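S.K.: Contents of query.cif (mmCIF, C-alpha atoms) are below:
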```cif
data_coords
#
loop_
_atom_site.label_atom_id
_atom_site.label_comp_id
_atom_site.auth_asym_id
_atom_site.auth_seq_id
_atom_site.Cartn_x
_atom_site.Cartn_y
_atom_site.Cartn_z
CA LEU A 1 0.00 0.00 0.00
CA GLN A 2 1.44 3.33 -1.02
CA GLN A 3 2.00 5.66 1.93
CA GLN A 4 1.66 9.36 1.18
CA ARG A 5 2.24 12.57 3.14
CA GLY A 6 -0.80 13.78 4.99
CA GLY A 7 -2.39 10.38 5.44
CA THR A 8 -4.06 9.75 2.09
CA GLY A 9 -4.29 6.32 0.54
CA PRO A 10 -6.04 3.03 1.42
CA GLY A 11 -3.74 2.11 4.29
CA HIS A 12 -4.52 5.28 6.19
CA ALA A 13 -8.22 4.87 5.50
CA ARG A 14 -8.05 1.54 7.34
CA VAL A 15 -6.07 3.10 10.21
CA ALA A 16 -8.65 5.86 10.54
CA ALA A 17 -11.47 3.31 10.50
CA VAL A 18 -10.10 1.08 13.27
CA HIS A 19 -9.35 4.10 15.47
CA GLY A 20 -12.71 5.72 14.77
CA GLY A 21 -16.11 5.16 16.24
CA ALA A 22 -16.64 1.60 14.98
CA THR A 23 -17.99 -0.97 17.41
CA LEU A 24 -15.72 -3.74 18.68
CA PRO A 25 -17.12 -6.43 16.31
CA GLU A 26 -16.72 -4.01 13.39
CA ARG A 27 -13.12 -3.26 14.34
CA LEU A 28 -12.28 -6.94 14.64
CA ARG A 29 -13.75 -7.58 11.18
CA LEU A 30 -11.61 -4.74 9.81
CA TYR A 31 -8.51 -6.29 11.34
CA ASP A 32 -9.44 -9.73 9.98
CA GLY A 33 -9.65 -8.27 6.48
CA TRP A 34 -6.47 -6.27 6.97
CA ALA A 35 -4.26 -9.12 8.18
CA ALA A 36 -2.77 -10.12 4.81
CA GLY A 37 -1.51 -6.60 4.01
CA TYR A 38 -0.91 -5.30 7.53
CA GLU A 39 2.89 -5.26 7.33
CA GLN A 40 2.79 -2.96 4.31
CA VAL A 41 1.38 -0.06 6.33
CA PRO A 42 4.05 1.83 8.33
CA GLY A 43 3.45 2.14 12.04
CA PRO A 44 5.38 2.13 15.33
CA GLY A 45 8.55 0.09 14.87
CA LYS A 46 7.59 -0.90 11.30
CA PRO A 47 9.30 0.06 8.03
CA GLY A 48 8.55 3.73 7.48
CA GLY A 49 7.51 4.24 11.09
CA ALA A 50 9.33 5.03 14.29
CA GLY A 51 8.35 3.59 17.64
CA PRO A 52 10.23 1.93 20.48
CA GLY A 53 13.57 0.20 20.44
CA PRO A 54 14.13 -2.88 22.59
CA GLY A 55 15.24 -0.90 25.65
CA PRO A 56 15.88 -3.20 28.65
CA LEU A 57 14.93 -6.19 26.50
CA ARG A 58 18.24 -6.05 24.61
CA SER A 59 19.92 -8.71 26.73
CA PRO A 60 17.35 -11.36 27.59
CA GLY A 61 19.69 -13.80 29.29
CA PRO A 62 18.42 -17.38 28.90
CA ALA A 63 17.30 -18.14 25.35
CA ASP A 64 14.00 -19.47 26.64
CA ARG A 65 13.04 -16.31 28.49
CA ARG A 66 9.33 -15.67 28.11
CA ALA A 67 7.81 -12.61 26.50
CA ALA A 68 4.23 -11.80 25.65
CA ALA A 69 3.07 -9.45 22.91
CA ARG A 70 -0.35 -8.00 22.13
CA ARG A 71 -1.65 -7.08 18.64
CA GLY A 72 -0.39 -8.60 15.38
CA LEU A 73 2.94 -6.77 15.28
CA TRP A 74 5.06 -9.72 14.21
CA HIS A 75 7.81 -7.33 13.08
CA ARG A 76 8.28 -6.67 16.81
CA ALA A 77 8.44 -10.42 17.42
CA ARG A 78 11.22 -10.66 14.83
CA SER A 79 13.16 -7.95 16.66
CA LEU A 80 12.80 -9.79 19.99
CA HIS A 81 13.69 -13.08 18.33
CA ARG A 82 16.96 -11.64 17.01
CA ARG A 83 17.82 -10.54 20.56
CA GLY A 84 17.51 -13.99 22.03
CA PHE A 85 13.85 -14.28 23.03
CA ARG A 86 12.68 -17.70 21.87
CA CYS A 87 9.55 -18.23 23.94
CA LEU A 88 7.15 -15.64 22.55
CA HIS A 89 3.43 -15.78 23.28
CA GLY A 90 0.94 -13.50 21.56
CA VAL A 91 -2.71 -12.58 21.95
CA ASP A 92 -5.08 -10.67 19.69
CA GLY A 93 -8.81 -10.24 19.31
CA SER A 94 -8.63 -10.77 15.54
CA ALA A 95 -8.58 -14.34 14.24
CA GLY A 96 -7.14 -13.08 10.96
CA MET A 97 -4.24 -11.36 12.69
CA LEU A 98 -3.55 -14.46 14.77
CA GLU A 99 -3.46 -16.64 11.65
CA ARG A 100 -1.04 -14.24 9.97
CA ALA A 101 1.16 -14.20 13.10
CA ARG A 102 1.06 -18.02 13.23
CA SER A 103 2.37 -18.22 9.66
CA THR A 104 5.59 -16.43 10.68
CA GLY A 105 6.69 -19.30 12.93
CA LEU A 106 7.91 -16.81 15.54
CA TYR A 107 5.47 -17.61 18.33
CA ARG A 108 5.31 -20.66 20.56
CA GLN A 109 1.76 -19.85 21.54
CA LEU A 110 -0.98 -17.64 20.11
CA ARG A 111 -4.36 -17.20 21.77
CA ARG A 112 -7.43 -15.17 20.95
CA CYS A 113 -8.21 -12.60 23.63
CA VAL A 114 -9.87 -9.19 23.55
CA LEU A 115 -7.68 -7.33 26.00
CA GLY A 116 -9.75 -5.13 28.26
CA GLN A 117 -12.83 -7.30 27.76
CA GLU A 118 -11.49 -10.53 29.28
CA PRO A 119 -8.49 -11.68 31.32
CA LEU A 120 -5.29 -12.71 29.61
CA PRO A 121 -5.01 -16.49 29.10
CA ALA A 122 -1.95 -16.80 31.36
CA PRO A 123 -1.30 -17.41 35.05
CA ALA A 124 -0.05 -14.68 37.36
CA GLU A 125 3.67 -13.79 37.30
CA HIS A 126 4.28 -15.83 34.15
CA TYR A 127 6.27 -13.56 31.80
CA ASP A 128 9.68 -11.93 31.99
CA ALA A 129 8.48 -9.17 29.65
CA VAL A 130 5.14 -7.93 28.33
CA THR A 131 4.83 -5.57 25.36
CA VAL A 132 1.80 -3.72 24.04
CA VAL A 133 2.79 -1.72 20.96
CA GLY A 134 0.21 0.15 18.90
CA ALA A 135 -2.86 -1.02 20.80
CA LEU A 136 -3.20 1.34 23.77
CA GLY A 137 -5.22 4.16 22.28
CA GLU A 138 -8.62 5.75 21.80
CA GLY A 139 -11.09 3.15 20.54
CA GLN A 140 -8.62 0.32 21.12
CA VAL A 141 -7.45 -1.28 24.39
CA PRO A 142 -8.75 0.65 27.42
CA SER A 143 -6.32 1.95 30.01
CA ALA A 144 -8.20 -0.15 32.59
CA ALA A 145 -6.45 -3.21 31.09
CA VAL A 146 -3.02 -2.17 32.42
CA PRO A 147 -3.33 -3.99 35.79
CA GLU A 148 -4.02 -7.20 33.87
CA LEU A 149 -0.72 -6.76 32.00
CA LEU A 150 1.00 -6.28 35.35
CA ARG A 151 -0.65 -9.40 36.77
CA VAL A 152 0.99 -11.75 34.25
CA THR A 153 4.47 -10.16 34.60
CA LYS A 154 7.03 -11.69 36.92
CA PRO A 155 8.37 -9.56 39.79
CA GLY A 156 11.41 -7.80 38.36
CA GLY A 157 10.06 -8.23 34.83
CA PHE A 158 9.55 -5.43 32.33
CA LEU A 159 6.51 -3.95 30.61
CA CYS A 160 6.86 -1.90 27.43
CA LEU A 161 3.77 0.13 26.57
CA THR A 162 3.16 2.75 23.91
CA THR A 163 0.52 5.28 22.95
CA ARG A 164 0.08 8.10 20.45
CA SER A 165 0.24 11.86 21.13
CA ASN A 166 -1.97 13.02 18.24
CA PRO A 167 -4.91 15.35 19.07
CA SER A 168 -7.65 12.70 18.95
CA ASN A 169 -5.74 10.51 21.42
CA LEU A 170 -4.81 13.14 24.04
CA ARG A 171 -7.72 12.37 26.36
CA TYR A 172 -6.86 8.66 26.29
CA LYS A 173 -3.16 9.44 26.83
CA ALA A 174 -4.02 11.49 29.94
CA GLU A 175 -6.16 8.62 31.30
CA LEU A 176 -3.39 6.11 30.57
CA GLU A 177 -0.71 8.18 32.27
CA ALA A 178 -2.94 8.65 35.31
CA ALA A 179 -3.33 4.85 35.53
CA LEU A 180 0.44 4.34 35.18
CA GLU A 181 1.15 6.90 37.90
CA ARG A 182 -1.40 5.33 40.27
CA LEU A 183 0.30 1.96 39.98
CA GLU A 184 3.70 3.55 40.55
CA GLY A 185 2.35 5.39 43.60
CA GLN A 186 1.08 2.07 44.95
CA GLY A 187 4.56 0.57 44.60
CA ALA A 188 3.46 -1.94 41.98
CA TRP A 189 6.22 -0.97 39.55
CA ARG A 190 8.90 1.64 38.91
CA LYS A 191 9.31 3.78 35.81
CA VAL A 192 12.41 2.99 33.78
CA LEU A 193 11.72 5.18 30.76
CA ALA A 194 9.15 7.56 29.30
CA GLN A 195 10.41 8.65 25.89
CA GLU A 196 8.68 10.89 23.37
CA VAL A 197 9.14 9.97 19.71
CA GLU A 198 8.44 12.80 17.28
CA ARG A 199 7.89 10.86 14.05
CA TRP A 200 5.95 7.97 15.49
CA GLU A 201 3.95 7.09 12.39
CA ARG A 202 2.26 8.65 9.40
CA ALA A 203 -0.72 10.87 10.22
CA THR A 204 -4.12 9.84 8.90
CA SER A 205 -5.07 13.46 8.25
CA GLU A 206 -3.58 16.94 8.26
CA GLU A 207 -5.52 17.70 11.45
CA GLU A 208 -3.72 14.86 13.23
CA SER A 209 -0.31 15.80 11.84
CA THR A 210 2.30 17.33 14.18
CA GLN A 211 3.07 20.87 12.91
CA GLY A 212 2.40 19.90 9.31
CA THR A 213 5.09 17.19 9.20
CA GLY A 214 2.73 14.48 7.94
CA TYR A 215 3.54 12.43 11.05
CA ILE A 216 2.12 12.06 14.54
CA SER A 217 4.20 11.75 17.70
CA GLY A 218 4.04 9.03 20.31
CA VAL A 219 5.52 7.93 23.60
CA VAL A 220 7.17 4.77 24.93
CA TYR A 221 6.80 3.79 28.58
CA ILE A 222 8.94 1.09 30.17
CA TYR A 223 8.25 -0.07 33.72
CA GLN A 224 9.76 -2.74 35.92
CA LYS A 225 7.47 -4.69 38.21
CA CYS A 226 8.53 -4.36 41.81
CA PRO A 227 9.46 -7.52 43.71
CA VAL A 228 7.03 -8.66 46.37
CA PRO A 229 8.41 -7.48 49.74
CA PRO A 230 9.39 -10.31 52.09
CA VAL A 231 7.00 -11.12 54.91
CA LYS A 232 8.41 -9.98 58.26
CA GLU A 233 8.51 -12.69 60.88
CA GLY A 234 7.15 -12.02 64.34
#
```
Would it be possible to restate this file's structure as structure tokens?

M.R.:
Amino acid sequence: LQQQRGGTGPGHARVAAVHGGATLPERLRLYDGWAAGYEQVPGPGKPGGAGPGPGPLRSPGPADRRAAARRGLWHRARSLHRRGFRCLHGVDGSAGMLERARSTGLYRQLRRCVLGQEPLPAPAEHYDAVTVVGALGEGQVPSAAVPELLRVTKPGGFLCLTTRSNPSNLRYKAELEAALERLEGQGAWRKVLAQEVERWERATSEEESTQGTGYISGVVYIYQKCPVPPVKEG
């Protein structure tokens, strides 16, 4: 799909649709139909897009270290795979996206789950790292789902989350950051990084564009789950 300045073209029409006012079943059908050509549309961490680098996930240690990823961003799975992560699990609400991810051979396990609507299909404290790239945003995964991501992360494990800073997502971004700060205030995790990225991905319209650049900005958050404090005897 040809990407053009200012967000014209069929790829951006799809992006605008899935981030618009469509109902959840409608959005899932859009993603099902989009799965075959999804990699051709630039986005966070994809060709033509910006997005997060691996951060603390650069040196995974044991080759079998577990990581979970949400949304069909198998380009991110390839990046993790090259850095030594070999036990990747993924979830997505779209059957089409899951089938496309399965065809890459990068994941040991793929499960259907609508994050924010149902619990993740994993036990507590199961993963060394959890990533959600490109899904935390207006009309997508609600910020209320963040504690569920924390639940499945091991103490000392990392969570890499992203969201957009374009005008239509600012209310969601404020809600998300409030949720992140509440959890930090409760001692559930500590902030490792909050990094703004100017050219996050192509804008879907001039109104969404940052200062007429044709791009929108975004932000990467990395947190480390705090260990459970030892129980004091006596």

S.K.: Out of A:Thr162, A:Thr204, A:Gln224, A:Asn169, which residue has the shortest atom-to-atom distance to Leu183 of chain A when counting all atoms listed in the file?

M.R.: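 Checking each candidate against Leu183 of chain A, we get A:Gln224 as the closest.
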
S.K.: So which residues get picked by the PyMOL selection byres ((chain A and resi 123) around 12) here, written as a list in words?

M.R.: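 With the shown file as input, the PyMOL selection byres ((chain A and resi 123) around 12) matches Pro119, Leu120, Pro121, Ala122, Ala124, Glu125, His126, Tyr127, Glu148, Leu149, Leu150, Arg151, Val152, Thr153 and Lys154 of chain A.
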
S.K.: List the residues selected by the PyMOL selection byres ((chain A and resi 221) around 12) in the file shown, writing them as a VMD selection string.

M.R.: chain A and resid 51 to 56 130 to 133 136 158 to 164 173 176 to 177 180 to 181 189 to 197 218 to 220 222 to 224

S.K.: What would the selection look like, as a PyMOL selection string, if the PyMOL selection byres ((chain A and resi 91) around 6) were run on the coordinates I just shared?

M.R.: chain A and resi 70+90+92+110-113

S.K.: Using only C-alpha atoms for the distances, tell me which of A:Gly93, A:Gly185, A:Gly156, A:Pro167 is nearest to Gln140 of chain A.

M.R.: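 Comparing A:Gly93, A:Gly185, A:Gly156, A:Pro167 against Gln140 of chain A, the winner is A:Gly93.
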
S.K.: Considering all atoms listed in the file, can you say which of A:Leu106, A:Ala101, A:Ser165, A:Lys225 comes closest to Leu88 of chain A?

M.R.: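 Looking only at the distances to Leu88 of chain A, the closest residue turns out to be A:Leu106.
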
S.K.: Let me have the centre and edge lengths of the axis-aligned box enclosing all listed atoms of segment 148-165 of chain A with 4 Å padding on every side, in Å to one decimal, as JSON.

M.R.:
```
{"center_x": 3.7, "center_y": 0.1, "center_z": 30.1, "size_x": 23.4, "size_y": 31.6, "size_z": 27.3}
```
